[in-house]
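Structure file final15.cif; described as mmCIF, C-alpha atoms and all ligand atoms.
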data_final
loop_
_atom_site.label_atom_id
_atom_site.label_comp_id
_atom_site.auth_asym_id
_atom_site.auth_seq_id
_atom_site.Cartn_x
_atom_site.Cartn_y
_atom_site.Cartn_z
CA MET A 1 81.10 56.82 140.68
CA PRO A 2 84.20 54.79 139.61
CA THR A 3 87.52 56.03 140.94
CA ASP A 4 89.63 57.90 138.44
CA ASP A 5 93.15 56.49 138.65
CA LEU A 6 94.53 59.02 136.24
CA LEU A 7 93.95 61.84 138.71
CA LYS A 8 97.11 60.82 140.53
CA TRP A 9 98.93 62.61 137.69
CA ARG A 10 97.46 65.99 138.70
CA ALA A 11 100.28 66.52 141.17
CA GLU A 12 102.67 66.52 138.19
CA PHE A 13 100.99 69.56 136.57
CA PRO A 14 101.32 72.77 138.58
CA ILE A 15 98.83 74.82 136.58
CA VAL A 16 95.83 72.66 137.54
CA ASP A 17 96.22 73.72 141.21
CA ARG A 18 94.87 77.16 140.43
CA THR A 19 93.29 76.95 136.98
CA VAL A 20 90.41 75.07 135.37
CA TYR A 21 92.62 74.07 132.46
CA LEU A 22 90.55 72.76 129.55
CA VAL A 23 92.73 73.77 126.62
CA SER A 24 95.05 70.80 125.94
CA HIS A 25 94.06 70.79 122.25
CA SER A 26 96.03 74.07 122.11
CA LEU A 27 98.71 73.99 124.82
CA GLY A 28 98.90 70.98 127.12
CA ALA A 29 99.82 71.66 130.75
CA MET A 30 103.53 71.69 131.62
CA PRO A 31 104.76 68.70 133.63
CA ARG A 32 106.54 69.72 136.86
CA ARG A 33 109.67 67.80 135.83
CA THR A 34 110.07 69.86 132.63
CA ARG A 35 111.75 72.58 134.70
CA ASP A 36 114.40 70.02 135.80
CA ARG A 37 114.89 68.91 132.22
CA LEU A 38 115.53 72.46 131.09
CA ALA A 39 117.92 72.94 134.00
CA GLU A 40 119.68 69.75 132.87
CA PHE A 41 120.08 71.30 129.41
CA THR A 42 121.70 74.45 130.82
CA ASP A 43 123.92 72.40 133.15
CA VAL A 44 125.16 70.26 130.25
CA TRP A 45 125.77 73.29 128.06
CA ALA A 46 127.55 75.12 130.89
CA SER A 47 129.72 72.20 131.97
CA ARG A 48 130.35 70.20 128.78
CA GLY A 49 130.20 72.92 126.12
CA VAL A 50 130.72 71.71 122.57
CA ARG A 51 131.40 68.14 123.78
CA ALA A 52 127.65 67.88 124.50
CA TRP A 53 127.07 67.25 120.81
CA HIS A 54 128.71 63.86 120.84
CA GLU A 55 127.55 63.14 124.38
CA GLY A 56 123.87 63.06 123.40
CA TRP A 57 122.74 66.22 121.64
CA TRP A 58 123.51 64.98 118.14
CA GLU A 59 121.44 61.84 118.72
CA MET A 60 118.49 63.66 120.28
CA PRO A 61 116.35 64.03 117.12
CA ARG A 62 116.31 60.23 117.08
CA THR A 63 116.36 59.35 120.80
CA VAL A 64 113.52 61.78 121.52
CA GLY A 65 111.77 60.65 118.33
CA ASP A 66 111.80 57.10 119.71
CA LEU A 67 109.64 58.26 122.63
CA ILE A 68 107.04 59.50 120.12
CA GLY A 69 107.47 56.33 118.10
CA GLY A 70 106.34 54.30 121.12
CA ILE A 71 103.16 56.38 121.32
CA ILE A 72 102.21 56.25 117.61
CA GLY A 73 103.27 52.70 116.73
CA ALA A 74 106.52 53.45 114.87
CA GLY A 75 109.65 51.33 115.18
CA SER A 76 112.93 52.41 116.74
CA GLY A 77 114.76 55.05 114.65
CA GLU A 78 111.70 55.73 112.47
CA VAL A 79 110.64 59.06 114.01
CA ILE A 80 112.87 62.09 113.70
CA MET A 81 112.35 65.39 115.51
CA HIS A 82 111.84 68.68 113.70
CA GLN A 83 111.13 72.17 114.98
CA ASN A 84 107.40 72.10 114.20
CA GLN A 85 104.75 70.23 112.25
CA SER A 86 104.76 72.59 109.26
CA ILE A 87 108.47 71.91 108.61
CA ALA A 88 107.88 68.17 108.90
CA GLN A 89 105.07 68.34 106.31
CA ALA A 90 107.16 70.56 104.03
CA THR A 91 110.02 68.05 104.19
CA VAL A 92 107.79 65.24 102.91
CA LEU A 93 106.24 67.41 100.20
CA SER A 94 109.68 68.51 99.03
CA ALA A 95 110.53 64.88 98.27
CA LEU A 96 107.63 64.32 95.86
CA ASP A 97 107.19 65.12 92.17
CA TRP A 98 103.98 65.94 90.38
CA PRO A 99 104.04 64.50 86.83
CA ALA A 100 100.92 65.36 84.78
CA GLU A 101 99.54 61.81 84.92
CA ARG A 102 99.83 61.64 88.74
CA ASN A 103 99.66 65.19 89.99
CA ARG A 104 96.67 65.15 92.38
CA LEU A 105 96.95 65.87 96.07
CA VAL A 106 93.73 64.97 97.90
CA THR A 107 92.97 66.53 101.26
CA GLU A 108 90.02 67.72 103.34
CA ALA A 109 89.07 71.36 102.68
CA ILE A 110 89.09 71.90 106.46
CA ASN A 111 92.63 70.61 107.00
CA PHE A 112 94.89 72.75 109.21
CA PRO A 113 95.80 76.03 107.41
CA SER A 114 99.59 75.45 107.43
CA ASN A 115 99.05 72.21 105.55
CA LEU A 116 96.70 73.81 103.03
CA TYR A 117 99.15 76.69 102.45
CA LEU A 118 101.92 74.20 101.73
CA PHE A 119 99.70 72.15 99.38
CA HIS A 120 98.57 75.17 97.36
CA ALA A 121 102.17 76.37 97.03
CA LEU A 122 102.80 73.07 95.20
CA GLU A 123 100.50 74.22 92.41
CA ARG A 124 103.53 76.16 91.15
CA GLU A 125 105.25 72.78 90.68
CA GLY A 126 102.34 71.23 88.79
CA ALA A 127 100.35 69.69 91.67
CA ARG A 128 96.55 69.87 91.50
CA ILE A 129 94.80 70.10 94.85
CA THR A 130 91.45 68.41 95.48
CA GLY A 131 89.93 69.66 98.73
CA VAL A 132 87.06 67.40 99.79
CA PRO A 133 84.45 69.81 101.16
CA SER A 134 82.82 69.60 104.56
CA GLU A 135 79.10 70.24 104.30
CA ASP A 136 78.63 70.97 107.99
CA GLY A 137 82.04 72.57 108.60
CA MET A 138 82.67 69.81 111.10
CA THR A 139 82.90 66.38 109.44
CA VAL A 140 84.38 65.09 106.17
CA PRO A 141 82.21 62.49 104.37
CA LEU A 142 84.27 59.32 104.04
CA ASP A 143 82.60 58.28 100.75
CA GLN A 144 83.53 61.61 99.16
CA MET A 145 87.09 61.33 100.44
CA LEU A 146 87.43 57.81 99.03
CA ASP A 147 85.83 58.84 95.70
CA ALA A 148 88.32 61.69 95.33
CA ILE A 149 91.28 59.27 95.47
CA ASP A 150 92.07 57.73 92.09
CA GLU A 151 94.89 56.68 89.76
CA ARG A 152 95.89 60.32 89.24
CA THR A 153 96.47 60.78 93.00
CA ARG A 154 100.08 61.14 94.10
CA LEU A 155 99.39 61.94 97.74
CA VAL A 156 96.46 61.84 100.15
CA SER A 157 97.24 64.25 102.97
CA ILE A 158 94.79 64.48 105.84
CA SER A 159 94.56 65.33 109.52
CA HIS A 160 93.62 62.25 111.53
CA VAL A 161 91.58 64.50 113.84
CA VAL A 162 90.29 67.77 112.35
CA PHE A 163 91.50 70.71 114.47
CA ARG A 164 88.29 72.74 114.15
CA SER A 165 85.79 70.15 115.29
CA GLY A 166 87.70 67.18 116.67
CA PHE A 167 86.24 64.94 113.95
CA VAL A 168 88.17 61.65 113.68
CA GLN A 169 88.76 60.47 110.10
CA ASP A 170 88.84 56.80 109.13
CA LEU A 171 92.56 56.52 108.55
CA GLY A 172 92.46 52.77 107.85
CA ALA A 173 89.91 53.09 105.03
CA ILE A 174 91.74 56.06 103.52
CA VAL A 175 95.13 54.31 103.53
CA GLN A 176 93.58 51.21 101.99
CA ARG A 177 92.00 53.17 99.16
CA ALA A 178 95.14 55.23 98.54
CA HIS A 179 97.39 52.20 98.37
CA ALA A 180 94.94 50.37 96.09
CA VAL A 181 95.42 53.12 93.46
CA GLY A 182 99.17 53.61 94.04
CA ALA A 183 98.97 56.82 96.10
CA LEU A 184 100.90 57.66 99.28
CA VAL A 185 99.36 58.89 102.56
CA LEU A 186 100.65 61.71 104.74
CA VAL A 187 98.75 62.14 108.00
CA ASP A 188 98.88 65.01 110.48
CA LEU A 189 98.55 63.42 113.91
CA TYR A 190 98.76 66.66 115.88
CA GLN A 191 95.22 66.46 117.25
CA SER A 192 95.24 62.70 117.83
CA ALA A 193 98.63 61.57 119.19
CA GLY A 194 98.32 61.46 122.96
CA THR A 195 94.53 61.37 123.10
CA VAL A 196 93.27 59.07 120.30
CA PRO A 197 95.18 55.80 119.77
CA VAL A 198 96.97 55.51 116.44
CA ASP A 199 99.33 52.87 115.09
CA VAL A 200 101.15 54.06 111.98
CA GLY A 201 102.86 50.69 111.52
CA ALA A 202 99.70 48.59 111.66
CA LEU A 203 97.84 51.05 109.41
CA GLN A 204 100.75 51.15 106.94
CA VAL A 205 100.70 54.92 106.86
CA ASP A 206 103.49 56.25 104.62
CA PHE A 207 104.24 59.53 106.43
CA ALA A 208 103.05 61.01 109.71
CA THR A 209 103.73 64.41 111.23
CA GLY A 210 102.78 66.20 114.41
CA GLY A 211 103.98 68.33 117.26
CA SER A 212 104.18 68.35 121.03
CA VAL A 213 102.40 71.48 122.11
CA LYS A 214 99.00 69.91 122.65
CA TRP A 215 98.00 66.49 124.02
CA LEU A 216 101.61 65.35 124.46
CA CYS A 217 102.35 68.15 126.95
CA GLY A 218 105.79 68.66 125.42
CA GLY A 219 105.80 72.41 124.77
CA PRO A 220 106.81 74.31 121.63
CA GLY A 221 109.77 73.60 119.31
CA ALA A 222 109.40 69.82 119.00
CA GLY A 223 107.63 68.64 115.83
CA TYR A 224 108.09 65.11 114.55
CA LEU A 225 108.20 63.17 111.30
CA TYR A 226 107.63 59.46 110.68
CA VAL A 227 108.45 57.96 107.28
CA ARG A 228 107.79 54.30 106.42
CA ARG A 229 111.18 52.66 106.46
CA ASP A 230 111.03 51.00 103.04
CA LEU A 231 110.37 54.40 101.44
CA TRP A 232 113.56 55.99 102.80
CA PRO A 233 115.85 55.13 99.85
CA THR A 234 113.30 56.48 97.36
CA LEU A 235 112.99 59.94 98.93
CA GLN A 236 115.31 62.90 98.39
CA PRO A 237 113.84 65.96 100.12
CA ARG A 238 114.59 69.31 98.49
CA LEU A 239 114.09 70.88 101.92
CA THR A 240 117.36 69.62 103.39
CA GLY A 241 120.60 70.63 105.07
CA TRP A 242 123.95 69.48 106.36
CA MET A 243 122.52 67.22 109.06
CA ALA A 244 120.86 65.09 106.37
CA HIS A 245 124.23 64.32 104.71
CA ARG A 246 125.68 60.83 105.08
CA GLN A 247 128.94 62.40 106.31
CA PRO A 248 127.90 65.73 107.80
CA PHE A 249 131.30 66.48 109.27
CA ALA A 250 133.02 66.08 105.91
CA PHE A 251 131.34 69.37 104.92
CA GLU A 252 131.36 68.34 101.29
CA ASP A 253 130.59 70.84 98.53
CA GLY A 254 128.06 70.26 95.77
CA ALA A 255 124.86 68.24 95.88
CA ILE A 256 123.95 66.34 99.01
CA ALA A 257 124.59 62.61 99.48
CA TYR A 258 121.71 61.69 101.77
CA ALA A 259 122.13 59.67 104.95
CA ASP A 260 120.72 56.14 104.76
CA ASP A 261 118.79 56.48 108.02
CA ALA A 262 116.03 58.88 109.07
CA TYR A 263 118.57 61.71 109.39
CA ARG A 264 118.10 62.09 105.62
CA PHE A 265 114.88 63.95 106.53
CA LEU A 266 116.59 66.52 108.77
CA ASN A 267 117.91 69.93 107.74
CA GLY A 268 119.96 72.13 110.08
CA THR A 269 120.71 72.24 113.81
CA PRO A 270 117.89 70.80 115.94
CA ALA A 271 116.13 72.78 118.68
CA VAL A 272 117.97 71.02 121.50
CA PRO A 273 116.40 72.84 124.49
CA ALA A 274 112.92 72.10 123.11
CA LEU A 275 113.85 68.42 122.88
CA TYR A 276 114.91 68.41 126.54
CA ALA A 277 111.62 70.09 127.46
CA ALA A 278 109.45 67.77 125.39
CA ARG A 279 110.56 64.46 126.87
CA SER A 280 108.65 64.66 130.17
CA GLY A 281 105.27 64.93 128.51
CA TYR A 282 105.97 61.97 126.20
CA GLU A 283 107.15 59.84 129.11
CA ILE A 284 104.02 60.55 131.11
CA VAL A 285 101.68 59.89 128.17
CA ALA A 286 103.54 56.65 127.40
CA GLU A 287 103.40 55.55 131.04
CA ILE A 288 99.64 56.12 131.27
CA GLY A 289 99.00 54.70 127.79
CA VAL A 290 96.81 56.36 125.17
CA PRO A 291 93.96 53.79 125.46
CA ALA A 292 93.45 54.79 129.13
CA ILE A 293 93.59 58.49 128.20
CA ARG A 294 91.07 57.87 125.41
CA ALA A 295 88.64 55.99 127.70
CA LYS A 296 88.63 58.89 130.16
CA SER A 297 88.39 61.44 127.36
CA ILE A 298 85.32 59.75 125.88
CA ARG A 299 83.63 59.73 129.30
CA GLN A 300 84.42 63.39 130.03
CA THR A 301 83.64 64.74 126.56
CA GLN A 302 80.30 62.91 126.78
CA ARG A 303 79.68 64.61 130.13
CA LEU A 304 80.51 68.01 128.60
CA ILE A 305 77.96 67.39 125.84
CA GLU A 306 75.31 66.48 128.44
CA LEU A 307 76.09 69.67 130.36
CA ALA A 308 75.89 71.73 127.15
CA ASP A 309 72.52 70.17 126.28
CA ALA A 310 71.22 70.85 129.78
CA ALA A 311 72.34 74.50 129.49
CA GLY A 312 70.83 74.87 126.01
CA VAL A 313 74.25 75.59 124.45
CA PRO A 314 74.56 74.24 120.86
CA VAL A 315 77.24 71.59 120.35
CA ALA A 316 79.40 71.89 117.19
CA CYS A 317 81.39 68.65 117.34
CA PRO A 318 80.44 65.04 116.61
CA ARG A 319 78.13 63.47 119.19
CA ASP A 320 79.19 59.97 118.24
CA PRO A 321 82.22 59.16 120.45
CA ALA A 322 83.66 56.89 117.75
CA VAL A 323 84.35 59.94 115.53
CA ARG A 324 84.91 62.53 118.24
CA GLY A 325 88.47 63.36 119.34
CA GLY A 326 89.42 64.93 122.65
CA THR A 327 87.64 68.25 122.17
CA VAL A 328 84.07 69.43 122.57
CA THR A 329 83.20 72.54 120.58
CA ILE A 330 80.24 74.70 121.60
CA GLU A 331 78.60 77.67 119.94
CA VAL A 332 78.38 80.75 122.11
CA THR A 333 77.66 84.30 120.96
CA ASN A 334 80.59 86.68 121.52
CA GLY A 335 82.76 83.59 121.93
CA HIS A 336 86.03 85.52 121.85
CA ALA A 337 84.98 87.97 124.59
CA VAL A 338 83.52 85.17 126.71
CA VAL A 339 86.78 83.23 126.54
CA GLU A 340 88.78 86.33 127.55
CA ARG A 341 86.56 86.89 130.54
CA LEU A 342 86.81 83.25 131.61
CA SER A 343 90.59 83.38 131.32
CA ARG A 344 90.71 86.32 133.74
CA GLU A 345 88.89 84.03 136.18
CA ASP A 346 91.40 81.21 135.59
CA VAL A 347 89.01 79.09 133.53
CA VAL A 348 90.99 78.46 130.35
CA VAL A 349 89.48 77.33 127.03
CA ASP A 350 89.81 78.91 123.57
CA TYR A 351 87.79 80.24 120.68
CA ARG A 352 88.31 79.73 116.96
CA PRO A 353 86.32 81.62 114.33
CA GLY A 354 84.15 79.26 112.32
CA ALA A 355 84.36 76.66 115.07
CA GLY A 356 83.33 78.05 118.45
CA ILE A 357 84.61 77.61 121.99
CA ARG A 358 86.81 74.52 122.24
CA VAL A 359 86.83 72.67 125.55
CA SER A 360 89.23 69.80 126.18
CA PRO A 361 89.56 67.69 129.29
CA HIS A 362 92.77 65.63 129.53
CA PHE A 363 93.98 62.89 131.87
CA TYR A 364 94.56 65.48 134.64
CA THR A 365 91.01 66.89 134.55
CA THR A 366 88.52 66.24 137.37
CA ASP A 367 84.81 65.74 136.71
CA ASP A 368 84.13 68.71 139.01
CA GLU A 369 86.06 70.96 136.64
CA LEU A 370 83.59 70.17 133.85
CA GLU A 371 80.72 71.41 136.04
CA ALA A 372 82.85 74.38 137.14
CA PHE A 373 83.39 75.35 133.50
CA PHE A 374 79.67 75.42 132.70
CA ALA A 375 78.92 77.36 135.90
CA ALA A 376 81.60 79.94 135.00
CA LEU A 377 80.31 80.11 131.42
CA ALA A 378 76.77 80.82 132.55
CA ALA A 379 77.96 83.51 134.97
CA ALA A 380 80.19 85.12 132.31
CA ARG A 381 77.38 85.22 129.74
CA GLU A 382 75.01 86.75 132.24
CA ARG A 383 77.42 89.61 132.93
CA MET A 384 78.05 90.40 129.23
C1 LIG B 401 96.04 69.58 113.18
C2 LIG B 401 97.11 70.60 113.38
N1 LIG B 401 98.17 70.63 112.55
C3 LIG B 401 99.16 71.52 112.70
C4 LIG B 401 99.15 72.46 113.71
C5 LIG B 401 100.26 73.46 113.82
O1 LIG B 401 101.51 72.88 113.66
P1 LIG B 401 102.89 73.70 113.77
O2 LIG B 401 102.62 75.02 114.40
O3 LIG B 401 103.77 72.83 114.64
O4 LIG B 401 103.42 73.81 112.40
C6 LIG B 401 98.07 72.45 114.59
C7 LIG B 401 98.02 73.37 115.73
O5 LIG B 401 97.80 74.43 115.88
C8 LIG B 401 97.03 71.52 114.42
O6 LIG B 401 95.96 71.51 115.23
#
Would you mind writing the file out in structure tokens?
Ligand SMILES: Cc1ncc(COP(=O)(O)O)c(C=O)c1O
Amino acid sequence: MPTDDLLKWRAEFPIVDRTVYLVSHSLGAMPRRTRDRLAEFTDVWASRGVRAWHEGWWEMPRTVGDLIGGIIGAGSGEVIMHQNQSIAQATVLSALDWPAERNRLVTEAINFPSNLYLFHALEREGARITGVPSEDGMTVPLDQMLDAIDERTRLVSISHVVFRSGFVQDLGAIVQRAHAVGALVLVDLYQSAGTVPVDVGALQVDFATGGSVKWLCGGPGAGYLYVRRDLWPTLQPRLTGWMAHRQPFAFEDGAIAYADDAYRFLNGTPAVPALYAARSGYEIVAEIGVPAIRAKSIRQTQRLIELADAAGVPVACPRDPAVRGGTVTIEVTNGHAVVERLSREDVVVDYRPGAGIRVSPHFYTTDDELEAFFAALAAARERM
């Protein structure tokens, strides 16, 4: 058995001392140093008061965004922090128009609900939504996705990794097709950043959004937005606010004059405490490197699938590691009740209707915990 170097990081995550924690697709474990970072926030507020804004707080949407940028392949100053992923998506959508000859928005029908809700709301502005169906509820056929993208397409908006099943979409092929017909690409990286390598610069993605709650171990309140630099001058988001103004402290009346830099995509006051909290997770993920996290994830998700097969539990996620993200989904009757029972025993996974029980090892997971999960699952099912 090869040694697992990444296990040295376990000491940084208090919850794994007493919990089989296999739920990082939902809420990544809190790094120990996050408590110090939040204390730092209160110390700064208490001691520096309003001066904190020009001593670092004002810059935080960008300085913290740079930490994400290093993980997803964006350049310095190209990622800006928002309060959550939905707001970041809405900001991009509010900068686009939907003229009759180019009014199609192509997505997967199993995209994350927030995104779908935002897309369908655009129908009131003339957008027409094409949702590429998933025949198995798990994967999205690439040929159908590419066929749906044509000269009428304004935007292709997909999740890199589908939240329900962990299916990894072929971002490179989709961007290539979209650009060939003059369409833009917005990608939700929430279920990939921090577990599946992605390079928005190399792939020439136009927009990317995500959040920190899951694989990045950054906690709630820290969503992010990447916009390809050469597009900045062409975009004027309708979802905006005073922080996006080129001279915010002039408090000018009338229509906004947008900032030239990525601040043009902000709105109001950022969630400063969340940005303090989020940094530790990003730093740890960056220090380990996503390729190393991915290699371990492929090995452990494969092991989970073997254990499921041995236990006769149906697997509802891709078996091919090339298109499987960090999560293994299994079908278990009474999934919700089973998950509740396991949680009371400090074995933490989750259940989503239409998907099943989602199980996610991360860099801090031991191989023994995978066995422990299946043992606990068998015992829980027996008692139900
Ligand atoms: C793919 C994906 N997108 C978006 C979200 C939610 O984003 P937010 O709550 O930050 O808007 C989730 C998580 O629940 C997700 O899995």
Go through chain A residue by residue and, counting only C-alpha atoms and all ligand atoms, keep those with an atom at most 10 Å from ligand LIG 401 (chain B); for each kept residue give the shortest atom pair and its distance in Å to one decimal, ordered by chain and increasing number, as JSON lines.
{"residue": "A:His25", "atom": "CA", "partner": "B:LIG401", "partner_atom": "O6", "distance": 7.3}
{"residue": "A:Ser26", "atom": "CA", "partner": "B:LIG401", "partner_atom": "O5", "distance": 6.5}
{"residue": "A:Leu27", "atom": "CA", "partner": "B:LIG401", "partner_atom": "O5", "distance": 9.0}
{"residue": "A:His82", "atom": "CA", "partner": "B:LIG401", "partner_atom": "O3", "distance": 9.1}
{"residue": "A:Gln83", "atom": "CA", "partner": "B:LIG401", "partner_atom": "O3", "distance": 7.4}
{"residue": "A:Asn84", "atom": "CA", "partner": "B:LIG401", "partner_atom": "O3", "distance": 3.7}
{"residue": "A:Gln85", "atom": "CA", "partner": "B:LIG401", "partner_atom": "O3", "distance": 3.7}
{"residue": "A:Ser86", "atom": "CA", "partner": "B:LIG401", "partner_atom": "O4", "distance": 3.6}
{"residue": "A:Ile87", "atom": "CA", "partner": "B:LIG401", "partner_atom": "O4", "distance": 6.6}
{"residue": "A:Ala88", "atom": "CA", "partner": "B:LIG401", "partner_atom": "O4", "distance": 8.0}
{"residue": "A:Gln89", "atom": "CA", "partner": "B:LIG401", "partner_atom": "O4", "distance": 8.4}
{"residue": "A:Ala90", "atom": "CA", "partner": "B:LIG401", "partner_atom": "O4", "distance": 9.7}
{"residue": "A:Ile110", "atom": "CA", "partner": "B:LIG401", "partner_atom": "C1", "distance": 9.9}
{"residue": "A:Asn111", "atom": "CA", "partner": "B:LIG401", "partner_atom": "C1", "distance": 7.1}
{"residue": "A:Phe112", "atom": "CA", "partner": "B:LIG401", "partner_atom": "N1", "distance": 5.1}
{"residue": "A:Pro113", "atom": "CA", "partner": "B:LIG401", "partner_atom": "C3", "distance": 7.7}
{"residue": "A:Ser114", "atom": "CA", "partner": "B:LIG401", "partner_atom": "O4", "distance": 6.5}
{"residue": "A:Asn115", "atom": "CA", "partner": "B:LIG401", "partner_atom": "C3", "distance": 7.2}
{"residue": "A:Ile158", "atom": "CA", "partner": "B:LIG401", "partner_atom": "C1", "distance": 9.0}
{"residue": "A:Ser159", "atom": "CA", "partner": "B:LIG401", "partner_atom": "C1", "distance": 5.8}
{"residue": "A:His160", "atom": "CA", "partner": "B:LIG401", "partner_atom": "C1", "distance": 7.9}
{"residue": "A:Val161", "atom": "CA", "partner": "B:LIG401", "partner_atom": "C1", "distance": 6.8}
{"residue": "A:Val162", "atom": "CA", "partner": "B:LIG401", "partner_atom": "C1", "distance": 6.1}
{"residue": "A:Phe163", "atom": "CA", "partner": "B:LIG401", "partner_atom": "O6", "distance": 4.6}
{"residue": "A:Arg164", "atom": "CA", "partner": "B:LIG401", "partner_atom": "O6", "distance": 7.8}
{"residue": "A:Gly166", "atom": "CA", "partner": "B:LIG401", "partner_atom": "C1", "distance": 9.4}
{"residue": "A:Val187", "atom": "CA", "partner": "B:LIG401", "partner_atom": "C1", "distance": 9.5}
{"residue": "A:Asp188", "atom": "CA", "partner": "B:LIG401", "partner_atom": "C1", "distance": 6.0}
{"residue": "A:Leu189", "atom": "CA", "partner": "B:LIG401", "partner_atom": "C1", "distance": 6.7}
{"residue": "A:Tyr190", "atom": "CA", "partner": "B:LIG401", "partner_atom": "C1", "distance": 4.8}
{"residue": "A:Gln191", "atom": "CA", "partner": "B:LIG401", "partner_atom": "C1", "distance": 5.2}
{"residue": "A:Ser192", "atom": "CA", "partner": "B:LIG401", "partner_atom": "C1", "distance": 8.3}
{"residue": "A:Thr209", "atom": "CA", "partner": "B:LIG401", "partner_atom": "N1", "distance": 8.4}
{"residue": "A:Gly210", "atom": "CA", "partner": "B:LIG401", "partner_atom": "C3", "distance": 6.7}
{"residue": "A:Gly211", "atom": "CA", "partner": "B:LIG401", "partner_atom": "O3", "distance": 5.2}
{"residue": "A:Ser212", "atom": "CA", "partner": "B:LIG401", "partner_atom": "O3", "distance": 7.8}
{"residue": "A:Val213", "atom": "CA", "partner": "B:LIG401", "partner_atom": "O3", "distance": 7.7}
{"residue": "A:Lys214", "atom": "CA", "partner": "B:LIG401", "partner_atom": "C7", "distance": 7.8}
{"residue": "A:Pro220", "atom": "CA", "partner": "B:LIG401", "partner_atom": "O3", "distance": 7.8}
{"residue": "A:Gly221", "atom": "CA", "partner": "B:LIG401", "partner_atom": "O3", "distance": 7.6}
{"residue": "A:Ala222", "atom": "CA", "partner": "B:LIG401", "partner_atom": "O3", "distance": 7.7}
{"residue": "A:Gly223", "atom": "CA", "partner": "B:LIG401", "partner_atom": "O3", "distance": 5.8}
{"residue": "A:Tyr224", "atom": "CA", "partner": "B:LIG401", "partner_atom": "O3", "distance": 8.8}
Pairwise distance, atom CA of Ala278 of chain A with atom CA of Gln247 of chain A, equals 27.8 Å
Using the file's own x, y and z axes, so that the box edges lie along x, y and z, what centre and edge lengths in Å (one decimal) does a box around every listed atom of segment 203-207 of chain A get when 8 Å is added on each side? Give it as JSON.
{"center_x": 101.0, "center_y": 55.3, "center_z": 107.0, "size_x": 22.4, "size_y": 24.5, "size_z": 20.8}
If you measure from atom CA of Arg228 of chain A to atom CA of Tyr258 of chain A, what distance in Å do you get, rounded to one decimal?
->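 So the two atoms, atom CA of Arg228 of chain A and atom CA of Tyr258 of chain A, lie 16.4 Å apart.
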So what do you get for atom CA of Trp58 of chain A versus atom CA of Met243 of chain A, distance-wise?
-> 9.4 Å
Counting all atoms listed in the file, the option among A:Thr139, A:Ser360, A:Ser280, A:Thr195 closest to Phe373 of chain A =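 Between A:Thr139, A:Ser360, A:Ser280, A:Thr195, the residue approaching Phe373 of chain A most closely is A:Ser360.
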Counting all atoms listed in the file, which of A:Asp17, A:Ile357, A:Val44, A:Pro31 gets nearest to Pro273 of chain A?
->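 Checking each of A:Asp17, A:Ile357, A:Val44, A:Pro31 against Pro273 of chain A, counting all atoms listed in the file, the winner is A:Val44.
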